[in-house]
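Visitor: Structure: entry_1.json, JSON, N, CA and C atoms.
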```json
[["chain", "number", "residue", "atom", "x", "y", "z"],
["H", 26, "MET", "N", 20.39, -11.05, -14.61],
["H", 26, "MET", "CA", 20.71, -11.22, -13.20],
["H", 26, "MET", "C", 20.71, -9.85, -12.51],
["H", 27, "PRO", "N", 19.87, -9.70, -11.51],
["H", 27, "PRO", "CA", 19.82, -8.40, -10.82],
["H", 27, "PRO", "C", 21.15, -8.07, -10.13],
["H", 28, "ASP", "N", 21.49, -6.79, -10.17],
["H", 28, "ASP", "CA", 22.67, -6.29, -9.48],
["H", 28, "ASP", "C", 22.18, -5.40, -8.35],
["H", 29, "PHE", "N", 22.38, -5.85, -7.14],
["H", 29, "PHE", "CA", 21.85, -5.14, -5.99],
["H", 29, "PHE", "C", 22.82, -4.09, -5.45],
["H", 30, "THR", "N", 23.92, -3.85, -6.17],
["H", 30, "THR", "CA", 24.91, -2.85, -5.75],
["H", 30, "THR", "C", 24.28, -1.47, -5.64],
["H", 31, "GLN", "N", 23.50, -1.08, -6.64],
["H", 31, "GLN", "CA", 22.85, 0.22, -6.62],
["H", 31, "GLN", "C", 21.91, 0.33, -5.42],
["H", 32, "PHE", "N", 21.23, -0.74, -5.11],
["H", 32, "PHE", "CA", 20.33, -0.74, -3.95],
["H", 32, "PHE", "C", 21.11, -0.41, -2.67],
["H", 33, "HIS", "N", 22.26, -1.05, -2.50],
["H", 33, "HIS", "CA", 23.10, -0.77, -1.32],
["H", 33, "HIS", "C", 23.46, 0.72, -1.26],
["H", 34, "HIS", "N", 23.83, 1.31, -2.41],
["H", 34, "HIS", "CA", 24.22, 2.72, -2.45],
["H", 34, "HIS", "C", 23.05, 3.65, -2.13],
["H", 35, "VAL", "N", 21.89, 3.35, -2.68],
["H", 35, "VAL", "CA", 20.73, 4.20, -2.44],
["H", 35, "VAL", "C", 20.33, 4.15, -0.98],
["H", 36, "ILE", "N", 20.34, 2.99, -0.40],
["H", 36, "ILE", "CA", 19.98, 2.86, 1.02],
["H", 36, "ILE", "C", 20.99, 3.61, 1.88],
["H", 37, "LYS", "N", 22.27, 3.49, 1.55],
["H", 37, "LYS", "CA", 23.29, 4.21, 2.31],
["H", 37, "LYS", "C", 23.04, 5.71, 2.24],
["H", 38, "GLU", "N", 22.69, 6.20, 1.06],
["H", 38, "GLU", "CA", 22.38, 7.62, 0.90],
["H", 38, "GLU", "C", 21.17, 8.01, 1.75],
["H", 39, "ARG", "N", 20.17, 7.17, 1.77],
["H", 39, "ARG", "CA", 18.97, 7.48, 2.55],
["H", 39, "ARG", "C", 19.27, 7.47, 4.05],
["H", 40, "ILE", "N", 20.17, 6.62, 4.47],
["H", 40, "ILE", "CA", 20.53, 6.53, 5.89],
["H", 40, "ILE", "C", 21.32, 7.77, 6.32],
["H", 41, "THR", "N", 22.23, 8.24, 5.45],
["H", 41, "THR", "CA", 23.13, 9.32, 5.83],
["H", 41, "THR", "C", 22.62, 10.71, 5.46],
["H", 42, "ASN", "N", 21.61, 10.79, 4.59],
["H", 42, "ASN", "CA", 21.10, 12.08, 4.15],
["H", 42, "ASN", "C", 19.65, 12.23, 4.62],
["H", 43, "PRO", "N", 19.42, 13.07, 5.63],
["H", 43, "PRO", "CA", 18.05, 13.21, 6.16],
["H", 43, "PRO", "C", 17.05, 13.77, 5.15],
["H", 44, "ASN", "N", 17.54, 14.39, 4.07],
["H", 44, "ASN", "CA", 16.65, 14.91, 3.04],
["H", 44, "ASN", "C", 16.21, 13.85, 2.04],
["H", 45, "ALA", "N", 16.82, 12.67, 2.10],
["H", 45, "ALA", "CA", 16.50, 11.59, 1.16],
["H", 45, "ALA", "C", 15.57, 10.58, 1.84],
["H", 46, "GLN", "N", 14.45, 11.06, 2.33],
["H", 46, "GLN", "CA", 13.55, 10.20, 3.10],
["H", 46, "GLN", "C", 12.83, 9.17, 2.25],
["H", 47, "TYR", "N", 12.58, 9.49, 1.01],
["H", 47, "TYR", "CA", 11.83, 8.58, 0.15],
["H", 47, "TYR", "C", 12.61, 8.33, -1.13],
["H", 48, "PHE", "N", 12.35, 7.19, -1.74],
["H", 48, "PHE", "CA", 12.95, 6.92, -3.03],
["H", 48, "PHE", "C", 12.37, 7.89, -4.05],
["H", 49, "ALA", "N", 13.20, 8.39, -4.92],
["H", 49, "ALA", "CA", 12.70, 9.16, -6.06],
["H", 49, "ALA", "C", 11.87, 8.22, -6.93],
["H", 50, "ASP", "N", 10.83, 8.73, -7.55],
["H", 50, "ASP", "CA", 9.93, 7.88, -8.33],
["H", 50, "ASP", "C", 10.64, 6.98, -9.33],
["H", 51, "PRO", "N", 11.60, 7.51, -10.12],
["H", 51, "PRO", "CA", 12.29, 6.61, -11.07],
["H", 51, "PRO", "C", 13.03, 5.48, -10.35],
["H", 52, "TRP", "N", 13.66, 5.80, -9.22],
["H", 52, "TRP", "CA", 14.37, 4.75, -8.49],
["H", 52, "TRP", "C", 13.39, 3.76, -7.90],
["H", 53, "TRP", "N", 12.28, 4.23, -7.38],
["H", 53, "TRP", "CA", 11.25, 3.36, -6.79],
["H", 53, "TRP", "C", 10.83, 2.31, -7.81],
["H", 54, "GLU", "N", 10.51, 2.77, -9.01],
["H", 54, "GLU", "CA", 10.09, 1.84, -10.07],
["H", 54, "GLU", "C", 11.22, 0.90, -10.46],
["H", 55, "GLU", "N", 12.44, 1.42, -10.53],
["H", 55, "GLU", "CA", 13.59, 0.58, -10.87],
["H", 55, "GLU", "C", 13.83, -0.47, -9.79],
["H", 56, "GLU", "N", 13.68, -0.06, -8.55],
["H", 56, "GLU", "CA", 13.87, -1.02, -7.46],
["H", 56, "GLU", "C", 12.85, -2.15, -7.55],
["H", 57, "ILE", "N", 11.62, -1.83, -7.78],
["H", 57, "ILE", "CA", 10.58, -2.85, -7.91],
["H", 57, "ILE", "C", 10.90, -3.77, -9.09],
["H", 58, "LYS", "N", 11.29, -3.17, -10.20],
["H", 58, "LYS", "CA", 11.65, -3.95, -11.38],
["H", 58, "LYS", "C", 12.82, -4.90, -11.06],
["H", 59, "GLN", "N", 13.82, -4.39, -10.37],
["H", 59, "GLN", "CA", 14.99, -5.19, -10.02],
["H", 59, "GLN", "C", 14.60, -6.35, -9.10],
["H", 60, "PHE", "N", 13.79, -6.07, -8.10],
["H", 60, "PHE", "CA", 13.45, -7.11, -7.14],
["H", 60, "PHE", "C", 12.42, -8.10, -7.66],
["H", 61, "THR", "N", 11.76, -7.79, -8.76],
["H", 61, "THR", "CA", 10.80, -8.73, -9.34],
["H", 61, "THR", "C", 11.36, -9.48, -10.54],
["H", 62, "ALA", "N", 12.56, -9.12, -11.00],
["H", 62, "ALA", "CA", 13.14, -9.72, -12.21],
["H", 62, "ALA", "C", 13.45, -11.20, -12.05],
["H", 63, "ASN", "N", 13.97, -11.58, -10.90],
["H", 63, "ASN", "CA", 14.35, -12.97, -10.68],
["H", 63, "ASN", "C", 14.13, -13.27, -9.20],
["H", 64, "MET", "N", 13.05, -13.94, -8.90],
["H", 64, "MET", "CA", 12.67, -14.16, -7.50],
["H", 64, "MET", "C", 13.70, -15.02, -6.76],
["H", 65, "ASP", "N", 14.31, -15.99, -7.41],
["H", 65, "ASP", "CA", 15.32, -16.81, -6.75],
["H", 65, "ASP", "C", 16.49, -15.94, -6.27],
["H", 66, "GLU", "N", 16.95, -15.04, -7.14],
["H", 66, "GLU", "CA", 18.07, -14.17, -6.76],
["H", 66, "GLU", "C", 17.64, -13.14, -5.72],
["H", 67, "THR", "N", 16.42, -12.67, -5.80],
["H", 67, "THR", "CA", 15.92, -11.73, -4.79],
["H", 67, "THR", "C", 15.86, -12.40, -3.43],
["H", 68, "VAL", "N", 15.36, -13.60, -3.38],
["H", 68, "VAL", "CA", 15.29, -14.35, -2.12],
["H", 68, "VAL", "C", 16.68, -14.58, -1.56],
["H", 69, "GLU", "N", 17.61, -14.96, -2.41],
["H", 69, "GLU", "CA", 19.00, -15.17, -1.98],
["H", 69, "GLU", "C", 19.58, -13.88, -1.40],
["H", 70, "PHE", "N", 19.33, -12.77, -2.08],
["H", 70, "PHE", "CA", 19.80, -11.48, -1.60],
["H", 70, "PHE", "C", 19.22, -11.16, -0.22],
["H", 71, "ILE", "N", 17.94, -11.32, -0.07],
["H", 71, "ILE", "CA", 17.28, -11.01, 1.21],
["H", 71, "ILE", "C", 17.83, -11.88, 2.32],
["H", 72, "LEU", "N", 18.04, -13.13, 2.05],
["H", 72, "LEU", "CA", 18.48, -14.06, 3.09],
["H", 72, "LEU", "C", 19.96, -13.95, 3.42],
["H", 73, "THR", "N", 20.78, -13.51, 2.46],
["H", 73, "THR", "CA", 22.23, -13.56, 2.69],
["H", 73, "THR", "C", 22.97, -12.23, 2.61],
["H", 74, "GLU", "N", 22.44, -11.25, 1.87],
["H", 74, "GLU", "CA", 23.20, -10.02, 1.65],
["H", 74, "GLU", "C", 22.55, -8.78, 2.24],
["H", 75, "CYS", "N", 21.29, -8.80, 2.45],
["H", 75, "CYS", "CA", 20.54, -7.62, 2.87],
["H", 75, "CYS", "C", 20.72, -7.40, 4.38],
["H", 76, "SER", "N", 21.22, -6.22, 4.73],
["H", 76, "SER", "CA", 21.39, -5.90, 6.15],
["H", 76, "SER", "C", 20.03, -5.64, 6.79],
["H", 77, "ASP", "N", 20.01, -5.62, 8.10],
["H", 77, "ASP", "CA", 18.77, -5.33, 8.82],
["H", 77, "ASP", "C", 18.22, -3.97, 8.40],
["H", 78, "GLU", "N", 19.09, -2.99, 8.33],
["H", 78, "GLU", "CA", 18.65, -1.64, 7.98],
["H", 78, "GLU", "C", 18.16, -1.56, 6.54],
["H", 79, "GLU", "N", 18.82, -2.26, 5.64],
["H", 79, "GLU", "CA", 18.35, -2.30, 4.26],
["H", 79, "GLU", "C", 16.98, -2.97, 4.17],
["H", 80, "LEU", "N", 16.79, -4.04, 4.93],
["H", 80, "LEU", "CA", 15.50, -4.72, 4.94],
["H", 80, "LEU", "C", 14.42, -3.78, 5.46],
["H", 81, "PHE", "N", 14.75, -3.01, 6.48],
["H", 81, "PHE", "CA", 13.82, -2.02, 7.02],
["H", 81, "PHE", "C", 13.38, -1.04, 5.93],
["H", 82, "TRP", "N", 14.33, -0.49, 5.18],
["H", 82, "TRP", "CA", 14.00, 0.46, 4.12],
["H", 82, "TRP", "C", 13.28, -0.22, 2.95],
["H", 83, "LEU", "N", 13.65, -1.44, 2.65],
["H", 83, "LEU", "CA", 13.02, -2.18, 1.56],
["H", 83, "LEU", "C", 11.55, -2.45, 1.86],
["H", 84, "GLY", "N", 11.19, -2.47, 3.13],
["H", 84, "GLY", "CA", 9.80, -2.70, 3.51],
["H", 84, "GLY", "C", 8.82, -1.78, 2.81],
["H", 85, "GLU", "N", 9.27, -0.62, 2.38],
["H", 85, "GLU", "CA", 8.41, 0.33, 1.67],
["H", 85, "GLU", "C", 7.82, -0.25, 0.39],
["H", 86, "VAL", "N", 8.52, -1.21, -0.20],
["H", 86, "VAL", "CA", 8.05, -1.73, -1.49],
["H", 86, "VAL", "C", 7.66, -3.20, -1.44],
["H", 87, "PHE", "N", 7.60, -3.80, -0.25],
["H", 87, "PHE", "CA", 7.16, -5.20, -0.16],
["H", 87, "PHE", "C", 5.82, -5.39, -0.86],
["H", 88, "ASP", "N", 4.88, -4.50, -0.59],
["H", 88, "ASP", "CA", 3.55, -4.67, -1.17],
["H", 88, "ASP", "C", 3.57, -4.49, -2.69],
["H", 89, "ASP", "N", 4.41, -3.58, -3.21],
["H", 89, "ASP", "CA", 4.53, -3.43, -4.66],
["H", 89, "ASP", "C", 5.11, -4.69, -5.30],
["H", 90, "ILE", "N", 6.10, -5.26, -4.64],
["H", 90, "ILE", "CA", 6.71, -6.50, -5.15],
["H", 90, "ILE", "C", 5.68, -7.63, -5.13],
["H", 91, "MET", "N", 4.94, -7.72, -4.04],
["H", 91, "MET", "CA", 3.91, -8.77, -3.94],
["H", 91, "MET", "C", 2.80, -8.56, -4.96],
["H", 92, "ASP", "N", 2.43, -7.32, -5.20],
["H", 92, "ASP", "CA", 1.39, -7.03, -6.17],
["H", 92, "ASP", "C", 1.80, -7.52, -7.56],
["H", 93, "LYS", "N", 3.08, -7.38, -7.89],
["H", 93, "LYS", "CA", 3.56, -7.80, -9.21],
["H", 93, "LYS", "C", 3.82, -9.30, -9.30],
["H", 94, "THR", "N", 4.22, -9.92, -8.18],
["H", 94, "THR", "CA", 4.66, -11.32, -8.27],
["H", 94, "THR", "C", 3.73, -12.33, -7.60],
["H", 95, "ARG", "N", 3.03, -11.91, -6.56],
["H", 95, "ARG", "CA", 2.21, -12.84, -5.75],
["H", 95, "ARG", "C", 3.05, -14.04, -5.30],
["H", 96, "SER", "N", 4.31, -13.78, -4.99],
["H", 96, "SER", "CA", 5.28, -14.84, -4.71],
["H", 96, "SER", "C", 5.29, -15.26, -3.25],
["H", 97, "SER", "N", 4.87, -16.48, -3.00],
["H", 97, "SER", "CA", 4.95, -17.00, -1.64],
["H", 97, "SER", "C", 6.41, -17.23, -1.25],
["H", 98, "GLN", "N", 7.27, -17.49, -2.22],
["H", 98, "GLN", "CA", 8.70, -17.64, -1.98],
["H", 98, "GLN", "C", 9.28, -16.34, -1.41],
["H", 99, "PHE", "N", 8.91, -15.21, -2.00],
["H", 99, "PHE", "CA", 9.37, -13.91, -1.52],
["H", 99, "PHE", "C", 8.84, -13.67, -0.10],
["H", 100, "LEU", "N", 7.58, -13.91, 0.10],
["H", 100, "LEU", "CA", 6.96, -13.69, 1.41],
["H", 100, "LEU", "C", 7.61, -14.57, 2.47],
["H", 101, "ASN", "N", 7.87, -15.82, 2.15],
["H", 101, "ASN", "CA", 8.51, -16.72, 3.11],
["H", 101, "ASN", "C", 9.93, -16.28, 3.44],
["H", 102, "SER", "N", 10.64, -15.75, 2.43],
["H", 102, "SER", "CA", 12.00, -15.28, 2.70],
["H", 102, "SER", "C", 11.97, -14.08, 3.65],
["H", 103, "LEU", "N", 11.00, -13.21, 3.48],
["H", 103, "LEU", "CA", 10.87, -12.06, 4.40],
["H", 103, "LEU", "C", 10.57, -12.54, 5.82],
["H", 104, "ARG", "N", 9.67, -13.48, 5.92],
["H", 104, "ARG", "CA", 9.30, -14.00, 7.25],
["H", 104, "ARG", "C", 10.49, -14.68, 7.93],
["H", 105, "THR", "N", 11.31, -15.33, 7.15],
["H", 105, "THR", "CA", 12.51, -15.97, 7.70],
["H", 105, "THR", "C", 13.53, -14.91, 8.09],
["H", 106, "ARG", "N", 13.78, -13.98, 7.20],
["H", 106, "ARG", "CA", 14.83, -12.97, 7.42],
["H", 106, "ARG", "C", 14.51, -12.04, 8.58],
["H", 107, "VAL", "N", 13.26, -11.66, 8.74],
["H", 107, "VAL", "CA", 12.91, -10.71, 9.80],
["H", 107, "VAL", "C", 13.20, -11.28, 11.19],
["H", 108, "GLN", "N", 13.27, -12.58, 11.32],
["H", 108, "GLN", "CA", 13.55, -13.19, 12.62],
["H", 108, "GLN", "C", 14.97, -12.86, 13.10],
["H", 109, "ARG", "N", 15.86, -12.48, 12.18],
["H", 109, "ARG", "CA", 17.23, -12.14, 12.55],
["H", 109, "ARG", "C", 17.44, -10.64, 12.79],
["H", 110, "VAL", "N", 16.41, -9.84, 12.61],
["H", 110, "VAL", "CA", 16.53, -8.40, 12.81],
["H", 110, "VAL", "C", 16.63, -8.14, 14.31],
["H", 111, "GLU", "N", 17.67, -7.43, 14.70],
["H", 111, "GLU", "CA", 17.93, -7.22, 16.12],
["H", 111, "GLU", "C", 17.24, -5.99, 16.69],
["H", 112, "ASN", "N", 17.11, -4.94, 15.92],
["H", 112, "ASN", "CA", 16.48, -3.71, 16.40],
["H", 112, "ASN", "C", 14.97, -3.96, 16.52],
["H", 113, "PRO", "N", 14.41, -3.88, 17.73],
["H", 113, "PRO", "CA", 12.99, -4.20, 17.90],
["H", 113, "PRO", "C", 12.04, -3.27, 17.15],
["H", 114, "GLU", "N", 12.40, -1.99, 17.01],
["H", 114, "GLU", "CA", 11.54, -1.07, 16.27],
["H", 114, "GLU", "C", 11.54, -1.40, 14.79],
["H", 115, "TRP", "N", 12.71, -1.68, 14.25],
["H", 115, "TRP", "CA", 12.79, -2.08, 12.83],
["H", 115, "TRP", "C", 12.02, -3.37, 12.62],
["H", 116, "LYS", "N", 12.22, -4.31, 13.53],
["H", 116, "LYS", "CA", 11.57, -5.61, 13.39],
["H", 116, "LYS", "C", 10.06, -5.45, 13.35],
["H", 117, "GLU", "N", 9.50, -4.65, 14.25],
["H", 117, "GLU", "CA", 8.05, -4.45, 14.26],
["H", 117, "GLU", "C", 7.58, -3.78, 12.99],
["H", 118, "SER", "N", 8.33, -2.80, 12.50],
["H", 118, "SER", "CA", 7.97, -2.11, 11.27],
["H", 118, "SER", "C", 8.01, -3.08, 10.08],
["H", 119, "ILE", "N", 9.04, -3.89, 10.02],
["H", 119, "ILE", "CA", 9.17, -4.87, 8.93],
["H", 119, "ILE", "C", 8.03, -5.89, 9.00],
["H", 120, "LEU", "N", 7.71, -6.35, 10.21],
["H", 120, "LEU", "CA", 6.61, -7.29, 10.37],
["H", 120, "LEU", "C", 5.30, -6.70, 9.87],
["H", 121, "GLU", "N", 5.08, -5.43, 10.16],
["H", 121, "GLU", "CA", 3.86, -4.76, 9.67],
["H", 121, "GLU", "C", 3.88, -4.68, 8.14],
["H", 122, "ASP", "N", 5.03, -4.36, 7.56],
["H", 122, "ASP", "CA", 5.13, -4.33, 6.10],
["H", 122, "ASP", "C", 4.89, -5.71, 5.50],
["H", 123, "ILE", "N", 5.37, -6.74, 6.16],
["H", 123, "ILE", "CA", 5.14, -8.11, 5.70],
["H", 123, "ILE", "C", 3.66, -8.46, 5.77],
["H", 124, "ARG", "N", 3.00, -8.09, 6.86],
["H", 124, "ARG", "CA", 1.56, -8.36, 7.00],
["H", 124, "ARG", "C", 0.78, -7.69, 5.86],
["H", 125, "THR", "N", 1.14, -6.46, 5.55],
["H", 125, "THR", "CA", 0.47, -5.75, 4.46],
["H", 125, "THR", "C", 0.72, -6.45, 3.13],
["H", 126, "ALA", "N", 1.97, -6.83, 2.89],
["H", 126, "ALA", "CA", 2.31, -7.51, 1.63],
["H", 126, "ALA", "C", 1.62, -8.87, 1.52],
["H", 127, "ALA", "N", 1.45, -9.55, 2.64],
["H", 127, "ALA", "CA", 0.84, -10.88, 2.64],
["H", 127, "ALA", "C", -0.61, -10.83, 2.17],
["H", 128, "GLU", "N", -1.24, -9.69, 2.29],
["H", 128, "GLU", "CA", -2.64, -9.57, 1.86],
["H", 128, "GLU", "C", -2.80, -9.86, 0.37],
["H", 129, "TYR", "N", -1.74, -9.70, -0.41],
["H", 129, "TYR", "CA", -1.83, -9.98, -1.84],
["H", 129, "TYR", "C", -1.97, -11.46, -2.13],
["H", 130, "ILE", "N", -1.49, -12.29, -1.22],
["H", 130, "ILE", "CA", -1.62, -13.74, -1.40],
["H", 130, "ILE", "C", -2.83, -14.26, -0.66],
["H", 131, "GLU", "N", -3.11, -13.68, 0.47],
["H", 131, "GLU", "CA", -4.13, -14.20, 1.36],
["H", 131, "GLU", "C", -5.51, -13.58, 1.11],
["H", 132, "GLU", "N", -5.70, -12.95, -0.05],
["H", 132, "GLU", "CA", -6.99, -12.34, -0.37],
["H", 132, "GLU", "C", -8.04, -13.39, -0.58]]
```
If you took the structure in this file and wrote it as structure tokens, what would it be?
Guide:
Amino acid sequence: MPDFTQFHHVIKERITNPNAQYFADPWWEEEIKQFTANMDETVEFILTECSDEELFWLGEVFDDIMDKTRSSQFLNSLRTRVQRVENPEWKESILEDIRTAAEYIEE
């Protein structure tokens, strides 16, 4: 069962530390591994626990997750969740990340 606690901490660090603009490579790979381990739990997390800002940052790896899973369930959860994002700039960025990730299914 994935534990998304570390994800919350890493995102908080990235938000508060301007020098932490990108995930470190080991964390990037771990994040992808975590989000692809159990798609049902990942979808639940995205729909119920993931803040707008976390979703914005997570957008960096949508395409990596889709490349590994080709999950329409994951893609649908993103499309549902992005509708609740209030910040218009984040929403547009997330929508673009979703469009890119969708190419893995719609090829």
Visitor: So which bits of chain H end up alpha helix (DSSP H) when you DSSP the backbone, as a PyMOL selection string?
Guide: chain H and resi 30-41+50-62+64-73+77-83+87-94+97-106+113-127
Visitor: Residues at most 8 Å from H:Met64, counting all atoms listed in the file, excluding those fewer than 5 positions away in the same chain, as a PyMOL selection string?
Guide: chain H and resi 59+69-70+96+98-99
Visitor: Using all atoms listed in the file, which protein or nucleic acid residues come within 8 Å of H:Ser102? Drop anything in the same chain fewer than 2 positions from it, and give the result as a PyMOL selection string.
Guide: chain H and resi 67-69+71-72+96-100+104-108
Visitor: Any chance you can output those residues with N, CA and C atoms as an mmCIF file, in the coordinates of the input?
Guide:
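Contents of out22.cif, as written:
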```cif
data_model
loop_
_atom_site.group_PDB
_atom_site.id
_atom_site.type_symbol
_atom_site.label_atom_id
_atom_site.label_comp_id
_atom_site.auth_asym_id
_atom_site.auth_seq_id
_atom_site.Cartn_x
_atom_site.Cartn_y
_atom_site.Cartn_z
ATOM 1 N N THR H 67 16.420 -12.670 -5.800
ATOM 2 C CA THR H 67 15.920 -11.730 -4.790
ATOM 3 C C THR H 67 15.860 -12.400 -3.430
ATOM 4 N N VAL H 68 15.360 -13.600 -3.380
ATOM 5 C CA VAL H 68 15.290 -14.350 -2.120
ATOM 6 C C VAL H 68 16.680 -14.580 -1.560
ATOM 7 N N GLU H 69 17.610 -14.960 -2.410
ATOM 8 C CA GLU H 69 19.000 -15.170 -1.980
ATOM 9 C C GLU H 69 19.580 -13.880 -1.400
ATOM 10 N N ILE H 71 17.940 -11.320 -0.070
ATOM 11 C CA ILE H 71 17.280 -11.010 1.210
ATOM 12 C C ILE H 71 17.830 -11.880 2.320
ATOM 13 N N LEU H 72 18.040 -13.130 2.050
ATOM 14 C CA LEU H 72 18.480 -14.060 3.090
ATOM 15 C C LEU H 72 19.960 -13.950 3.420
ATOM 16 N N SER H 96 4.310 -13.780 -4.990
ATOM 17 C CA SER H 96 5.280 -14.840 -4.710
ATOM 18 C C SER H 96 5.290 -15.260 -3.250
ATOM 19 N N SER H 97 4.870 -16.480 -3.000
ATOM 20 C CA SER H 97 4.950 -17.000 -1.640
ATOM 21 C C SER H 97 6.410 -17.230 -1.250
ATOM 22 N N GLN H 98 7.270 -17.490 -2.220
ATOM 23 C CA GLN H 98 8.700 -17.640 -1.980
ATOM 24 C C GLN H 98 9.280 -16.340 -1.410
ATOM 25 N N PHE H 99 8.910 -15.210 -2.000
ATOM 26 C CA PHE H 99 9.370 -13.910 -1.520
ATOM 27 C C PHE H 99 8.840 -13.670 -0.100
ATOM 28 N N LEU H 100 7.580 -13.910 0.100
ATOM 29 C CA LEU H 100 6.960 -13.690 1.410
ATOM 30 C C LEU H 100 7.610 -14.570 2.470
ATOM 31 N N ARG H 104 9.670 -13.480 5.920
ATOM 32 C CA ARG H 104 9.300 -14.000 7.250
ATOM 33 C C ARG H 104 10.490 -14.680 7.930
ATOM 34 N N THR H 105 11.310 -15.330 7.150
ATOM 35 C CA THR H 105 12.510 -15.970 7.700
ATOM 36 C C THR H 105 13.530 -14.910 8.090
ATOM 37 N N ARG H 106 13.780 -13.980 7.200
ATOM 38 C CA ARG H 106 14.830 -12.970 7.420
ATOM 39 C C ARG H 106 14.510 -12.040 8.580
ATOM 40 N N VAL H 107 13.260 -11.660 8.740
ATOM 41 C CA VAL H 107 12.910 -10.710 9.800
ATOM 42 C C VAL H 107 13.200 -11.280 11.190
ATOM 43 N N GLN H 108 13.270 -12.580 11.320
ATOM 44 C CA GLN H 108 13.550 -13.190 12.620
ATOM 45 C C GLN H 108 14.970 -12.860 13.100
#
```
Visitor: In Å, rounded to a single decimal, give me how far atom C of H:Glu78 is from atom CA of H:Ala126.
Guide: 17.6 Å
Visitor: Given the choices H:Glu121, H:Glu85, H:Asp92, H:Asp77, which gets closest to H:Arg109 if the distance is worked out from all atoms listed in the file?
Guide: H:Asp77
Visitor: Could you tell me how far atom C of H:Glu117 sits from atom N of H:Phe29, in Å to one decimal place?
Guide: 25.1 Å
Visitor: Enter the distance from atom C of H:Thr41 to atom CA of H:Glu66, in Å, rounded to one decimal.
Guide: 28.1 Å
Visitor: For H:Trp82, find every residue with an atom within 8 Å (counting only N, CA and C atoms), except residues of its own chain fewer than 5 positions away, and show them as a PyMOL selection string.
Guide: chain H and resi 36+76-77+87+115+119
Visitor: Write the selection just made, keeping N, CA and C atoms, as an mmCIF file, in the frame of the given file?
Guide:
```
data_model
loop_
_atom_site.group_PDB
_atom_site.id
_atom_site.type_symbol
_atom_site.label_atom_id
_atom_site.label_comp_id
_atom_site.auth_asym_id
_atom_site.auth_seq_id
_atom_site.Cartn_x
_atom_site.Cartn_y
_atom_site.Cartn_z
ATOM 1 N N ILE H 36 20.340 2.990 -0.400
ATOM 2 C CA ILE H 36 19.980 2.860 1.020
ATOM 3 C C ILE H 36 20.990 3.610 1.880
ATOM 4 N N SER H 76 21.220 -6.220 4.730
ATOM 5 C CA SER H 76 21.390 -5.900 6.150
ATOM 6 C C SER H 76 20.030 -5.640 6.790
ATOM 7 N N ASP H 77 20.010 -5.620 8.100
ATOM 8 C CA ASP H 77 18.770 -5.330 8.820
ATOM 9 C C ASP H 77 18.220 -3.970 8.400
ATOM 10 N N PHE H 87 7.600 -3.800 -0.250
ATOM 11 C CA PHE H 87 7.160 -5.200 -0.160
ATOM 12 C C PHE H 87 5.820 -5.390 -0.860
ATOM 13 N N TRP H 115 12.710 -1.680 14.250
ATOM 14 C CA TRP H 115 12.790 -2.080 12.830
ATOM 15 C C TRP H 115 12.020 -3.370 12.620
ATOM 16 N N ILE H 119 9.040 -3.890 10.020
ATOM 17 C CA ILE H 119 9.170 -4.870 8.930
ATOM 18 C C ILE H 119 8.030 -5.890 9.000
#
```
Visitor: Rank nothing, just name the residue among H:Glu79, H:Asp65, H:Asp88, H:Glu128 nearest to H:His34, using only C-alpha atoms.
Guide: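 For H:His34, the nearest of the candidates is H:Glu79.
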Visitor: Build an axis-aligned box that encloses every atom of stretch 59-71 of chain H listed in the file, pad it by 3 Å on each side, and report its centre and edge lengths in Å to one decimal, as AutoDock Vina command-line options.
Guide:
```
--center_x 15.3 --center_y -10.6 --center_z -4.9 --size_x 15.0 --size_y 18.4 --size_z 20.5
```
Visitor: Between H:Leu103, H:Glu74, H:Gln31, H:Glu111, single out the one closest to H:Met91, counting only C-alpha atoms.
Guide: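 Result for the nearest residue to H:Met91: H:Leu103.
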Visitor: For H:Tyr129, which residue among H:Arg95, H:Val110, H:Val86, H:Lys116 is the nearest when counting all atoms listed in the file?
Guide: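 Answer, going by the shortest atom-to-atom distance: H:Arg95.
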